[in-house]
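So the structure is just underneath, and the comments pick up after that.
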Amino acid sequence: MTFLTIDDVCMTYFTKKSATTALEDISLAVEEGEFVSLLGPSGCGKTTLLSLVAGLLQPTTGKITVEQQRITKPNAKIGYMLQQDYLFPWLTIKDNITFGLKTMKALTEQSQSYALSLLADMDLADKKDHYPSQLSGGMRQRVALVRMLATQPKILLLDEPFSALDYQTKLKLEDLVFTTLKEHQKTAILVTHDIGEAIAMSDRIVLLGANPGRIAKTFAVPTSLKKLTPFDARNHPDFNRLFQTIWKELESLEQRDYK
């Protein structure tokens, strides 16, 4: 059964003087446990589409459902992780990772214990009484991941969560997020500009064109790569072949969109 359905979605922004269509005729089905990346040039509507799935925006036409429930507002089933960690600087790490549980009135001894176990999985158990300013950027993003997972969402939305990190930290965090989501059998959608990141982490890559945003092509990541961690996948011969294919398609798309 399809887990997430995006059905003929269009998104138009209206002002007093104009109407700008950001997304047009977007239809996509995502299966439970699948990791899908949205890739495309700036301005193609990747983040807008993620905001629609999160219920932060409502489509002009079409509908979005998760487990056959229509998404019309932010939902506990949906977790969102951004480029910035947005940790509360005045709260300890323990209080940050349980903040979502508190707001949902779901903070119990059991749920707090689960959140702390996730923190331990991230090798940050000894940081629970620290404050965000005492942590590195990579550590803070791991805390943001724990905060999101602590509420046990059904689907995770990742909006370029590694782009502000140095390259070495980015590669390590890709592996950590990938293995964590697989262990917890989470469905995920990643927005990225990085072709390599999309290939290394995904089961499927959706390429969006711009002006307006629309699905141009979909690429299935070969099994030879999907069974590897992102770091190891980057060293496999199939990685470079798929990279070159997507690069050429993206280049062709950009030339067509911006003529």
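By order of appearance in the structure tokens: chains A, B, ..., then residues from 1 within every chain, and ligands from 1 in the order shown.
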
Next item on the list: Based on DSSP run over this structure's backbone, return all residues of region 134-200 of chain A in alpha helix (DSSP H), as number ranges by chain.
Entry: A: 137-150, 167-183, 195-200

Could you give me, as JSON lines, every region 92-206 of chain A residue with an atom at most 6 Å from region 69-85 of chain A, plus its closest atom pair and distance in Å to one decimal, counting only C-alpha atoms, rows ordered by chain then number?
```
{"residue": "A:Gln141", "atom": "CA", "partner": "A:Asp85", "partner_atom": "CA", "distance": 5.7}
{"residue": "A:Ala144", "atom": "CA", "partner": "A:Asp85", "partner_atom": "CA", "distance": 5.6}
{"residue": "A:Met148", "atom": "CA", "partner": "A:Gly79", "partner_atom": "CA", "distance": 5.7}
{"residue": "A:Pro153", "atom": "CA", "partner": "A:Lys77", "partner_atom": "CA", "distance": 4.4}
{"residue": "A:Lys154", "atom": "CA", "partner": "A:Lys77", "partner_atom": "CA", "distance": 4.9}
{"residue": "A:Ile155", "atom": "CA", "partner": "A:Ile78", "partner_atom": "CA", "distance": 5.1}
{"residue": "A:Leu156", "atom": "CA", "partner": "A:Gly79", "partner_atom": "CA", "distance": 4.7}
{"residue": "A:Leu157", "atom": "CA", "partner": "A:Tyr80", "partner_atom": "CA", "distance": 4.7}
{"residue": "A:Leu158", "atom": "CA", "partner": "A:Met81", "partner_atom": "CA", "distance": 4.9}
{"residue": "A:Asp159", "atom": "CA", "partner": "A:Leu82", "partner_atom": "CA", "distance": 4.9}
{"residue": "A:Glu160", "atom": "CA", "partner": "A:Gln83", "partner_atom": "CA", "distance": 5.2}
{"residue": "A:Pro161", "atom": "CA", "partner": "A:Gln83", "partner_atom": "CA", "distance": 4.1}
```

Note to self: With only C-alpha atoms as the counted atoms, please give the residues lying no more than 8 Å from Asp129 (chain A), apart from itself and same-chain residues fewer than 5 positions off, as a PyMOL selection string.
What the structure shows: chain A and resi 92-94

Store the residues of this selection in a file with C-alpha atoms, as a compact mmCIF listing (two decimals), in the first residue's frame.
```txt
# COMPACT_ATOMS: atom_id res chain seq x y z
CA THR A 92 19.96 21.65 27.80
CA ILE A 93 20.34 18.95 25.16
CA LYS A 94 18.06 16.68 27.19
```

Next item on the list: Using only C-alpha atoms, determine which residues lie at most 8 Å from Gly62 (chain A), disregarding the query and same-chain residues fewer than 4 positions distant; provide the list as a PyMOL selection string.
Entry: chain A and resi 6-10

Next item on the list: Would you mind listing what lies within 12 Å of Phe35 (chain A) as an NGL selection string, with only C-alpha atoms counted and same-chain residues fewer than 2 positions away left out?
Entry: :A and (3-4 or 29-33 or 37-38 or 155-158 or 177-179 or 181-182 or 185-191 or 198-206 or 220-221 or 226)

Checklist line | For CA of Ser133 (chain A) and CA of Thr103 (chain A), the interatomic separation in Å (one decimal) | finding: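 Interatomic distance here is 23.1 Å.
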